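This report refers to the structure that appears directly beneath it.
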Amino acid sequence: MIDPTATLLTDHRVVACLGPGGVGKTTLSAALALGAARRGARALVLTIDPARRLADAMGVAMGPEPTEVSRAELAALGVREGTLHALMLDSKHTFDGLVERFARDPATRERILSNEIYQHVSDALAGSSEYSAMEKVAELASRGDFDVIVLDTPPSAHALDFLEAPERLLGLIDSQFARRFLHPAMSAGRFGMRLLQRGTEPLFRAVERITGLRFLEELSEFLLIFEEMSQGFRERADDVQALLFGPRTGFVVASGPGPTQVAQALALEKRLDEMHARVRGFLVNRVRTWPRGVRGETPDERAWDTLAPALVSSGLDDPIAHAAATSTRRAFESYAAWARRDAEATSALEHRAAERGAFLRRVPERVGDVHDLAALTGVESDLFARNDREESR
Amino acid sequence: MPDRRSLLDRRLLIVTGKGGTGKTTVVAALALAAHERGLRVGVIETGRESQIPGQFGHTLPDPGYAGCALPEGPWTRRMEPYAALAEYLRLQLRIPGLVTRLLDQPAFHALLDAAPGWRELITLGKVWHLEQARERDGSPSWDLLIIDAPATGHGLTFLDVPRVVVGAVRAGPLNRQVGLVEGMIRDPEHTLLLPVTLPEELPVRETLELVARARDEVGIALDRVVVNACVEDRWPLPPATLAGHLEALPGAALEGRALAHAVTMLGSRSTRQSEALAHLSQSTPLPLVRLPQLVGPPIGSEALRTLGRALVTEEPAR
């Protein structure tokens, strides 16, 4: 039987994992990359992750270049041919890096780095870390050091920010508003806010009335210098768009098992579809489900009454056996309720997956957190498990 | 009662937490509790879709920026940054035609699309504006405002924007107004940040980072941490041992493996929970409020009422 997860990784250069916050995208991405390595690929997982979760899980450091996960450790997990690298971009420094690279000369670079607006906004500049990540993906994909790059998308307010980031940055530079209202000031130089005396731009004056003149002066300079870097940006942004929306990239949408997360995942898939992104599959993480061959039917009262005596005959002392029976029943009822809810909530994803010919993988909730490679292997086996395994409940 | 103030004595509660922590459930429960104590309470949602009505089990039309009252009483509204900006500019410029011209410019939108921080700023500005609103008799239009803060990276960027803007825009009306917003956020009598977390390792670690940054960088008051979705963690014998007994159950009346699986999963969860709670209480002096795990949404008003009571009346243990 063809494993759609394996196919996803062999068919694409970049596999982008998107989903609402808190569903475990980082773990799923790392497990996908591990699975690719197990199948002989040179795999890289790339994340922008302030919490350093992936680094912890994989035992690698955060840095601007890919770090290889110890081959000895991989071999111990049965990975022989492939390799696994991880790259964790620290979003804090990404924008300075862009300025370094695209500034025309050292003087421009200094001017931009010392611009007050830049200093205040560079950390927060819309999509800057996302843009840098995308650029890094394009660069790495073109280098050919890796067969597949799994992209763990950043925990942005809106999961699509990273796709739209290049456009938005260019939007800032290209902005007609910037040209019309700030450019004359910019051309006139730092002290030449003659624009104001012209008195022909009520809109400019309207904005100025709120923000103050000094802010607009700084903004002018910021945009002016920024514009100088725009050519470099533009070329790279085109590369990034071509990569992400071309045949080399496949998207998977990650979700949690709850109705809210499922609804968010479906909304995300819809928007990706509108953007003509190639959505290949859905991954549902931490689903409460019964192991294969277990029915999980709710016992009736008479059956429950047999539990305490049965525990006594299995060797528990009487008072403990009764308490244990109560705890067991409570645990069962709670887990069964969650299993029912998860099955119900994720069926919507299943329908959508079938409708669009994408695959769906449910990753059962695990015993214990995933914070080492061995635990990651467990997630991996669920992601790549054959179709008939967990679907049969 | 004498020393510790109830959550509902504040004017503004900012509920924060990563996606999936149940932040919105906490917001809904607090709003219901406040309303039932006779307070005029308004919820401000910051997501793209309104989720508060769903918590009560309602499928209402989106309350939008204007907001609507839920059948249970509390108001909810969803922030729409552009609508809020238009409102703000109208108040500032007092020339309606000018605002329309500005907002109709595609170029202005392009600039806004790329500009950082203004959405957060305008949201907080609107909150300030609601907080300032007065009835004819001079009483506040809203006794309590609850923000369901965005579930971004570390939830604080949202609150840090005013400080950054006051630094960047050093004069003019904007500076002054943002200064007022910043003052509101930092007034401990007035505003409280309520972090919601889960009893698991990573959420707890992130919450500890958030608590530290909230104090050191943003300067906002916190007085408790809500730990949501706690399971029963007392077992008469270790769950693994119990699961062993269950696996080996004789007879067909009970499905031993199903019982064992449920006990193993719940047992694992309660072990992780104990570790996480121990880590949390060792690392912060803030009291913890534990909320039970509920199956939802919808949580439903009955369960929300129970949660609200736990949040509001229960004196968190030190």
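Each chain in the structure tokens gets a letter, A, B, ..., in the order shown, and its residues are numbered from 1; ligands are numbered from 1 in order too.
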
Which residues of chain B sit at most 8 Å from chain A, using only C-alpha atoms? Give each one's shortest atom pair and distance in Å (one decimal place), in chain and ascending residue order, as a tab-separated table.
```
residue	atom	partner	partner_atom	distance
B:Lys18	CA	A:Gly22	CA	6.5
B:Gly19	CA	A:Gly21	CA	5.0
B:Gly20	CA	A:Gly22	CA	5.6
B:Gln92	CA	A:Ile210	CA	7.4
B:Leu93	CA	A:Ala206	CA	6.9
B:Leu98	CA	A:Leu203	CA	7.0
B:Leu102	CA	A:Leu203	CA	6.6
B:Ala107	CA	A:Phe177	CA	4.8
B:Phe108	CA	A:Phe177	CA	5.5
B:Ala110	CA	A:Gly171	CA	5.5
B:Leu111	CA	A:Leu172	CA	5.2
B:Asp113	CA	A:Arg168	CA	6.4
B:Ala114	CA	A:Arg168	CA	5.1
B:Ala115	CA	A:Ala126	CA	6.2
B:Pro116	CA	A:Ala126	CA	5.0
B:Gly117	CA	A:Ala124	CA	7.2
B:Pro150	CA	A:Ala157	CA	6.8
B:Ala151	CA	A:Ala157	CA	6.5
B:Thr152	CA	A:Ala157	CA	4.8
B:Gly153	CA	A:Pro155	CA	5.5
B:Val164	CA	A:His120	CA	6.2
B:Val165	CA	A:His120	CA	7.8
B:Gly167	CA	A:His120	CA	7.5
B:Ala168	CA	A:Ile117	CA	6.0
B:Val169	CA	A:Phe215	CA	5.5
B:Arg170	CA	A:Phe215	CA	7.5
B:Ala171	CA	A:Gly212	CA	5.9
B:Gly172	CA	A:Gly212	CA	4.7
B:Pro173	CA	A:Ile210	CA	5.3
B:Leu174	CA	A:Thr211	CA	5.2
B:Asn175	CA	A:Thr211	CA	7.2
B:Glu201	CA	A:Asp369	CA	7.7
B:Glu206	CA	A:Ala51	CA	7.2
B:Trp235	CA	A:Ser327	CA	6.8
B:Pro236	CA	A:Ala324	CA	5.9
B:Leu237	CA	A:Ala324	CA	7.2
B:Leu242	CA	A:Ala324	CA	7.2
B:His245	CA	A:Ser314	CA	6.5
B:Leu246	CA	A:Leu311	CA	7.6
B:Ala248	CA	A:Ser314	CA	8.0
B:Leu249	CA	A:Ala310	CA	6.8
B:Pro250	CA	A:Ala310	CA	7.5
B:Ala253	CA	A:Ala303	CA	5.2
B:Leu254	CA	A:Ala303	CA	6.1
B:Glu255	CA	A:Gly296	CA	7.4
B:Arg257	CA	A:Val294	CA	6.7
B:Ala258	CA	A:Gly296	CA	5.3
B:Leu259	CA	A:Phe332	CA	5.9
B:His261	CA	A:Trp290	CA	7.5
B:Ala262	CA	A:Phe332	CA	5.1
B:Val263	CA	A:Ala331	CA	5.6
B:Thr264	CA	A:Val367	CA	7.6
B:Met265	CA	A:Val367	CA	6.2
B:Leu266	CA	A:Ala331	CA	6.2
B:Ser268	CA	A:Val367	CA	5.6
B:Arg269	CA	A:Gly368	CA	7.5
B:Arg272	CA	A:Gly368	CA	7.0
B:Val295	CA	A:Trp338	CA	6.8
B:Gly296	CA	A:Gly258	CA	7.9
B:Pro297	CA	A:Pro259	CA	7.0
```

If you run DSSP on the backbone, which residues of region 18-264 of chain B are strand (DSSP E or B), as a ChimeraX atom specification? /B:41-45,68-69,75-78,134,140,144-148,191-197,225-230

Alpha helix (DSSP H) per DSSP on the backbone: members of region 151-304 of chain B, as number ranges by chain: B: 157-168, 172-186, 201-213, 239-247, 256-283, 301-304

Coordinates-based distance that separates CA of Gly35 (chain A) from CA of Phe359 (chain A) (Å, one decimal): 16.5 Å

What's the 12 Å shell around Lys270 (chain A), counting only C-alpha atoms, without same-chain residues fewer than 2 positions away, as a PDB file with all heavy atoms, in the first residue's frame?
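Result file out24.pdb:
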```pdb
ATOM      1  N   LEU A 160      -1.232  32.376   8.239  1.00  0.00           N
ATOM      2  CA  LEU A 160      -0.812  32.631   6.866  1.00  0.00           C
ATOM      3  C   LEU A 160       0.136  33.813   6.748  1.00  0.00           C
ATOM      4  O   LEU A 160       0.591  34.121   5.658  1.00  0.00           O
ATOM      5  CB  LEU A 160      -2.041  32.856   5.987  1.00  0.00           C
ATOM      6  CG  LEU A 160      -2.822  31.574   5.712  1.00  0.00           C
ATOM      7  CD1 LEU A 160      -4.147  31.886   5.069  1.00  0.00           C
ATOM      8  CD2 LEU A 160      -2.005  30.652   4.839  1.00  0.00           C
ATOM      9  N   VAL A 253      -1.867  20.573   6.549  1.00  0.00           N
ATOM     10  CA  VAL A 253      -2.543  21.380   7.561  1.00  0.00           C
ATOM     11  C   VAL A 253      -2.629  20.547   8.832  1.00  0.00           C
ATOM     12  O   VAL A 253      -3.148  19.435   8.826  1.00  0.00           O
ATOM     13  CB  VAL A 253      -3.952  21.788   7.083  1.00  0.00           C
ATOM     14  CG1 VAL A 253      -4.707  22.512   8.189  1.00  0.00           C
ATOM     15  CG2 VAL A 253      -3.840  22.674   5.844  1.00  0.00           C
ATOM     16  N   ALA A 263     -12.094  23.675  13.244  1.00  0.00           N
ATOM     17  CA  ALA A 263     -12.690  24.771  12.469  1.00  0.00           C
ATOM     18  C   ALA A 263     -11.598  25.704  11.947  1.00  0.00           C
ATOM     19  O   ALA A 263     -11.634  26.150  10.798  1.00  0.00           O
ATOM     20  CB  ALA A 263     -13.691  25.535  13.331  1.00  0.00           C
ATOM     21  N   GLN A 264     -10.592  25.987  12.788  1.00  0.00           N
ATOM     22  CA  GLN A 264      -9.498  26.858  12.358  1.00  0.00           C
ATOM     23  C   GLN A 264      -8.705  26.202  11.233  1.00  0.00           C
ATOM     24  O   GLN A 264      -8.318  26.852  10.266  1.00  0.00           O
ATOM     25  CB  GLN A 264      -8.579  27.173  13.538  1.00  0.00           C
ATOM     26  CG  GLN A 264      -9.210  28.144  14.525  1.00  0.00           C
ATOM     27  CD  GLN A 264      -8.406  28.268  15.812  1.00  0.00           C
ATOM     28  OE1 GLN A 264      -7.587  27.401  16.142  1.00  0.00           O
ATOM     29  NE2 GLN A 264      -8.616  29.340  16.547  1.00  0.00           N
ATOM     30  N   ALA A 265      -8.473  24.906  11.378  1.00  0.00           N
ATOM     31  CA  ALA A 265      -7.708  24.194  10.348  1.00  0.00           C
ATOM     32  C   ALA A 265      -8.456  24.208   9.023  1.00  0.00           C
ATOM     33  O   ALA A 265      -7.861  24.405   7.957  1.00  0.00           O
ATOM     34  CB  ALA A 265      -7.428  22.759  10.797  1.00  0.00           C
ATOM     35  N   LEU A 266      -9.778  24.033   9.078  1.00  0.00           N
ATOM     36  CA  LEU A 266     -10.566  24.035   7.844  1.00  0.00           C
ATOM     37  C   LEU A 266     -10.566  25.418   7.191  1.00  0.00           C
ATOM     38  O   LEU A 266     -10.470  25.541   5.974  1.00  0.00           O
ATOM     39  CB  LEU A 266     -12.003  23.579   8.130  1.00  0.00           C
ATOM     40  CG  LEU A 266     -12.168  22.069   8.347  1.00  0.00           C
ATOM     41  CD1 LEU A 266     -13.571  21.753   8.848  1.00  0.00           C
ATOM     42  CD2 LEU A 266     -11.887  21.296   7.053  1.00  0.00           C
ATOM     43  N   ALA A 267     -10.646  26.452   8.033  1.00  0.00           N
ATOM     44  CA  ALA A 267     -10.618  27.812   7.490  1.00  0.00           C
ATOM     45  C   ALA A 267      -9.263  28.079   6.826  1.00  0.00           C
ATOM     46  O   ALA A 267      -9.175  28.709   5.759  1.00  0.00           O
ATOM     47  CB  ALA A 267     -10.874  28.826   8.605  1.00  0.00           C
ATOM     48  N   LEU A 268      -8.227  27.566   7.445  1.00  0.00           N
ATOM     49  CA  LEU A 268      -6.877  27.739   6.908  1.00  0.00           C
ATOM     50  C   LEU A 268      -6.731  27.035   5.561  1.00  0.00           C
ATOM     51  O   LEU A 268      -6.193  27.591   4.596  1.00  0.00           O
ATOM     52  CB  LEU A 268      -5.912  27.144   7.922  1.00  0.00           C
ATOM     53  CG  LEU A 268      -4.444  27.390   7.752  1.00  0.00           C
ATOM     54  CD1 LEU A 268      -4.173  28.878   7.784  1.00  0.00           C
ATOM     55  CD2 LEU A 268      -3.684  26.707   8.896  1.00  0.00           C
ATOM     56  N   LEU A 272      -5.767  28.606   1.957  1.00  0.00           N
ATOM     57  CA  LEU A 272      -4.631  28.085   1.187  1.00  0.00           C
ATOM     58  C   LEU A 272      -5.079  27.705  -0.215  1.00  0.00           C
ATOM     59  O   LEU A 272      -4.384  27.952  -1.202  1.00  0.00           O
ATOM     60  CB  LEU A 272      -4.044  26.861   1.885  1.00  0.00           C
ATOM     61  CG  LEU A 272      -3.132  27.138   3.069  1.00  0.00           C
ATOM     62  CD1 LEU A 272      -2.809  25.850   3.800  1.00  0.00           C
ATOM     63  CD2 LEU A 272      -1.846  27.818   2.608  1.00  0.00           C
ATOM     64  N   ASP A 273      -6.256  27.097  -0.265  1.00  0.00           N
ATOM     65  CA  ASP A 273      -6.795  26.695  -1.541  1.00  0.00           C
ATOM     66  C   ASP A 273      -7.019  27.913  -2.435  1.00  0.00           C
ATOM     67  O   ASP A 273      -6.702  27.904  -3.620  1.00  0.00           O
ATOM     68  CB  ASP A 273      -8.120  25.964  -1.282  1.00  0.00           C
ATOM     69  CG  ASP A 273      -8.420  24.986  -2.378  1.00  0.00           C
ATOM     70  OD1 ASP A 273      -7.480  24.323  -2.843  1.00  0.00           O
ATOM     71  OD2 ASP A 273      -9.605  24.896  -2.778  1.00  0.00           O
ATOM     72  N   GLU A 274      -7.545  28.965  -1.836  1.00  0.00           N
ATOM     73  CA  GLU A 274      -7.772  30.196  -2.607  1.00  0.00           C
ATOM     74  C   GLU A 274      -6.461  30.779  -3.120  1.00  0.00           C
ATOM     75  O   GLU A 274      -6.418  31.437  -4.151  1.00  0.00           O
ATOM     76  CB  GLU A 274      -8.484  31.234  -1.725  1.00  0.00           C
ATOM     77  CG  GLU A 274      -9.954  30.924  -1.495  1.00  0.00           C
ATOM     78  CD  GLU A 274     -10.546  31.662  -0.294  1.00  0.00           C
ATOM     79  OE1 GLU A 274      -9.844  32.530   0.283  1.00  0.00           O
ATOM     80  OE2 GLU A 274     -11.684  31.356   0.065  1.00  0.00           O
ATOM     81  N   MET A 275      -5.406  30.542  -2.373  1.00  0.00           N
ATOM     82  CA  MET A 275      -4.092  31.054  -2.792  1.00  0.00           C
ATOM     83  C   MET A 275      -3.401  30.090  -3.760  1.00  0.00           C
ATOM     84  O   MET A 275      -2.255  30.286  -4.118  1.00  0.00           O
ATOM     85  CB  MET A 275      -3.203  31.259  -1.564  1.00  0.00           C
ATOM     86  CG  MET A 275      -3.710  32.309  -0.600  1.00  0.00           C
ATOM     87  SD  MET A 275      -2.806  32.231   0.972  1.00  0.00           S
ATOM     88  CE  MET A 275      -1.433  33.327   0.617  1.00  0.00           C
ATOM     89  N   HIS A 276      -4.090  29.022  -4.118  1.00  0.00           N
ATOM     90  CA  HIS A 276      -3.567  27.995  -5.016  1.00  0.00           C
ATOM     91  C   HIS A 276      -2.363  27.267  -4.440  1.00  0.00           C
ATOM     92  O   HIS A 276      -1.480  26.819  -5.175  1.00  0.00           O
ATOM     93  CB  HIS A 276      -3.237  28.577  -6.394  1.00  0.00           C
ATOM     94  CG  HIS A 276      -4.396  29.299  -7.004  1.00  0.00           C
ATOM     95  ND1 HIS A 276      -5.531  28.651  -7.427  1.00  0.00           N
ATOM     96  CD2 HIS A 276      -4.618  30.618  -7.193  1.00  0.00           C
ATOM     97  CE1 HIS A 276      -6.405  29.544  -7.879  1.00  0.00           C
ATOM     98  NE2 HIS A 276      -5.873  30.750  -7.738  1.00  0.00           N
ATOM     99  N   ALA A 277      -2.325  27.167  -3.127  1.00  0.00           N
ATOM    100  CA  ALA A 277      -1.289  26.342  -2.504  1.00  0.00           C
ATOM    101  C   ALA A 277      -1.718  24.883  -2.622  1.00  0.00           C
ATOM    102  O   ALA A 277      -2.907  24.590  -2.655  1.00  0.00           O
ATOM    103  CB  ALA A 277      -1.129  26.728  -1.039  1.00  0.00           C
ATOM    104  N   ARG A 278      -0.758  24.003  -2.719  1.00  0.00           N
ATOM    105  CA  ARG A 278      -1.081  22.581  -2.898  1.00  0.00           C
ATOM    106  C   ARG A 278      -1.210  21.898  -1.534  1.00  0.00           C
ATOM    107  O   ARG A 278      -0.211  21.520  -0.944  1.00  0.00           O
ATOM    108  CB  ARG A 278       0.022  21.915  -3.709  1.00  0.00           C
ATOM    109  CG  ARG A 278       0.040  22.360  -5.153  1.00  0.00           C
ATOM    110  CD  ARG A 278       1.357  22.003  -5.808  1.00  0.00           C
ATOM    111  NE  ARG A 278       1.316  22.232  -7.244  1.00  0.00           N
ATOM    112  CZ  ARG A 278       1.378  23.434  -7.817  1.00  0.00           C
ATOM    113  NH1 ARG A 278       1.496  24.525  -7.076  1.00  0.00           N
ATOM    114  NH2 ARG A 278       1.333  23.556  -9.127  1.00  0.00           N
ATOM    115  N   VAL A 279      -2.442  21.770  -1.074  1.00  0.00           N
ATOM    116  CA  VAL A 279      -2.664  21.112   0.220  1.00  0.00           C
ATOM    117  C   VAL A 279      -2.754  19.610  -0.020  1.00  0.00           C
ATOM    118  O   VAL A 279      -3.633  19.130  -0.729  1.00  0.00           O
ATOM    119  CB  VAL A 279      -3.951  21.625   0.897  1.00  0.00           C
ATOM    120  CG1 VAL A 279      -4.175  20.892   2.214  1.00  0.00           C
ATOM    121  CG2 VAL A 279      -3.851  23.121   1.138  1.00  0.00           C
ATOM    122  N   LEU A 349     -12.768  16.982   9.205  1.00  0.00           N
ATOM    123  CA  LEU A 349     -11.513  17.019   8.451  1.00  0.00           C
ATOM    124  C   LEU A 349     -11.433  15.835   7.494  1.00  0.00           C
ATOM    125  O   LEU A 349     -10.935  15.951   6.375  1.00  0.00           O
ATOM    126  CB  LEU A 349     -10.321  16.974   9.415  1.00  0.00           C
ATOM    127  CG  LEU A 349     -10.009  18.246  10.187  1.00  0.00           C
ATOM    128  CD1 LEU A 349      -8.885  17.984  11.179  1.00  0.00           C
ATOM    129  CD2 LEU A 349      -9.602  19.368   9.236  1.00  0.00           C
ATOM    130  N   ARG A 352     -13.449  16.556   4.456  1.00  0.00           N
ATOM    131  CA  ARG A 352     -12.781  17.533   3.589  1.00  0.00           C
ATOM    132  C   ARG A 352     -11.596  16.883   2.879  1.00  0.00           C
ATOM    133  O   ARG A 352     -11.365  17.133   1.689  1.00  0.00           O
ATOM    134  CB  ARG A 352     -12.323  18.727   4.438  1.00  0.00           C
ATOM    135  CG  ARG A 352     -11.665  19.821   3.649  1.00  0.00           C
ATOM    136  CD  ARG A 352     -12.611  20.439   2.617  1.00  0.00           C
ATOM    137  NE  ARG A 352     -11.888  21.342   1.730  1.00  0.00           N
ATOM    138  CZ  ARG A 352     -12.060  21.388   0.410  1.00  0.00           C
ATOM    139  NH1 ARG A 352     -12.943  20.589  -0.186  1.00  0.00           N
ATOM    140  NH2 ARG A 352     -11.367  22.232  -0.322  1.00  0.00           N
ATOM    141  N   ALA A 353     -10.854  16.049   3.598  1.00  0.00           N
ATOM    142  CA  ALA A 353      -9.703  15.385   2.997  1.00  0.00           C
ATOM    143  C   ALA A 353     -10.159  14.498   1.836  1.00  0.00           C
ATOM    144  O   ALA A 353      -9.582  14.536   0.745  1.00  0.00           O
ATOM    145  CB  ALA A 353      -8.951  14.569   4.042  1.00  0.00           C
ATOM    146  N   ARG A 356     -11.183  16.516  -1.268  1.00  0.00           N
ATOM    147  CA  ARG A 356     -10.159  17.122  -2.114  1.00  0.00           C
ATOM    148  C   ARG A 356      -9.033  16.150  -2.434  1.00  0.00           C
ATOM    149  O   ARG A 356      -7.988  16.557  -2.959  1.00  0.00           O
ATOM    150  CB  ARG A 356      -9.631  18.405  -1.480  1.00  0.00           C
ATOM    151  CG  ARG A 356      -8.913  18.223  -0.152  1.00  0.00           C
ATOM    152  CD  ARG A 356      -8.182  19.491   0.194  1.00  0.00           C
ATOM    153  NE  ARG A 356      -7.298  19.816  -0.909  1.00  0.00           N
ATOM    154  CZ  ARG A 356      -7.004  21.030  -1.295  1.00  0.00           C
ATOM    155  NH1 ARG A 356      -7.487  22.063  -0.684  1.00  0.00           N
ATOM    156  NH2 ARG A 356      -6.170  21.238  -2.292  1.00  0.00           N
TER     157      ARG A 356
END
```

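Across the model, the gap from CA of Asn285 (chain A) to CA of Tyr131 (chain A) is 27.0 Å.
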
Distance query Ala28 (chain B) at most 7 Å, only C-alpha atoms, self and fewer than 4 positions along chain excluded, as a ChimeraX atom specification: /B:24,32,52,55

Restricted to all heavy atoms, what would the selected residues look like written as a PDB file, in the first residue's frame?
```pdb
ATOM      1  N   THR B  24     -10.468  31.261  25.988  1.00  0.00           N
ATOM      2  CA  THR B  24     -11.790  31.787  25.658  1.00  0.00           C
ATOM      3  C   THR B  24     -12.847  31.257  26.629  1.00  0.00           C
ATOM      4  O   THR B  24     -13.776  31.972  27.003  1.00  0.00           O
ATOM      5  CB  THR B  24     -12.144  31.433  24.203  1.00  0.00           C
ATOM      6  OG1 THR B  24     -11.090  31.934  23.371  1.00  0.00           O
ATOM      7  CG2 THR B  24     -13.439  32.067  23.769  1.00  0.00           C
ATOM      8  N   LEU B  32     -19.690  35.653  32.547  1.00  0.00           N
ATOM      9  CA  LEU B  32     -20.949  35.194  33.119  1.00  0.00           C
ATOM     10  C   LEU B  32     -20.993  35.479  34.626  1.00  0.00           C
ATOM     11  O   LEU B  32     -21.983  35.991  35.152  1.00  0.00           O
ATOM     12  CB  LEU B  32     -21.130  33.694  32.845  1.00  0.00           C
ATOM     13  CG  LEU B  32     -22.463  33.087  33.254  1.00  0.00           C
ATOM     14  CD1 LEU B  32     -23.620  33.762  32.518  1.00  0.00           C
ATOM     15  CD2 LEU B  32     -22.479  31.583  32.986  1.00  0.00           C
ATOM     16  N   ILE B  52     -16.939  33.553  21.566  1.00  0.00           N
ATOM     17  CA  ILE B  52     -17.625  33.569  22.860  1.00  0.00           C
ATOM     18  C   ILE B  52     -19.036  32.969  22.774  1.00  0.00           C
ATOM     19  O   ILE B  52     -19.384  32.113  23.587  1.00  0.00           O
ATOM     20  CB  ILE B  52     -17.656  35.006  23.442  1.00  0.00           C
ATOM     21  CG1 ILE B  52     -16.226  35.459  23.793  1.00  0.00           C
ATOM     22  CG2 ILE B  52     -18.563  35.109  24.655  1.00  0.00           C
ATOM     23  CD1 ILE B  52     -15.618  34.740  24.988  1.00  0.00           C
ATOM     24  N   GLN B  55     -19.115  29.269  23.068  1.00  0.00           N
ATOM     25  CA  GLN B  55     -18.843  28.697  24.382  1.00  0.00           C
ATOM     26  C   GLN B  55     -20.149  28.404  25.122  1.00  0.00           C
ATOM     27  O   GLN B  55     -20.228  27.478  25.905  1.00  0.00           O
ATOM     28  CB  GLN B  55     -17.998  29.662  25.226  1.00  0.00           C
ATOM     29  CG  GLN B  55     -16.604  29.879  24.694  1.00  0.00           C
ATOM     30  CD  GLN B  55     -15.710  28.674  24.940  1.00  0.00           C
ATOM     31  OE1 GLN B  55     -15.820  28.015  25.952  1.00  0.00           O
ATOM     32  NE2 GLN B  55     -14.838  28.404  23.987  1.00  0.00           N
TER      33      GLN B  55
END
```

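Using only C-alpha atoms, the smallest distance between any of B:Leu222, B:Leu180, B:Cys230, B:Ile299 and Leu286 (chain B) comes from B:Leu222.
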
For Val363 (chain A), please output as a ChimeraX atom specification all residues within 12 Å (counting only C-alpha atoms; exclusion window: fewer than 2 positions along the same chain). /A:23-24,27-28,31,254-257,282-291,342,346,360-361,365-366,376,378-385,389-391

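In this structure, CA of Met184 (chain B) sits 11.0 Å away from CA of Leu159 (chain B).
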
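For the set A:Leu163, A:Leu373, A:Ala33, A:Val240, the residue with the smallest atom-to-atom gap to Arg271 (chain A) is A:Leu163, counting only C-alpha atoms.
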
I'd like the contact shell of Ile112 (chain A) - 7 Å cut-off, only C-alpha atoms, skipping same-chain residues fewer than 3 positions apart - returned as a PyMOL selection string. chain A and resi 108-109+115+118+222+225

Shortest interatomic distance to Arg292 (chain A) - which of A:Leu89, A:Pro309, A:Glu235, A:Pro364, counting only C-alpha atoms: A:Pro364
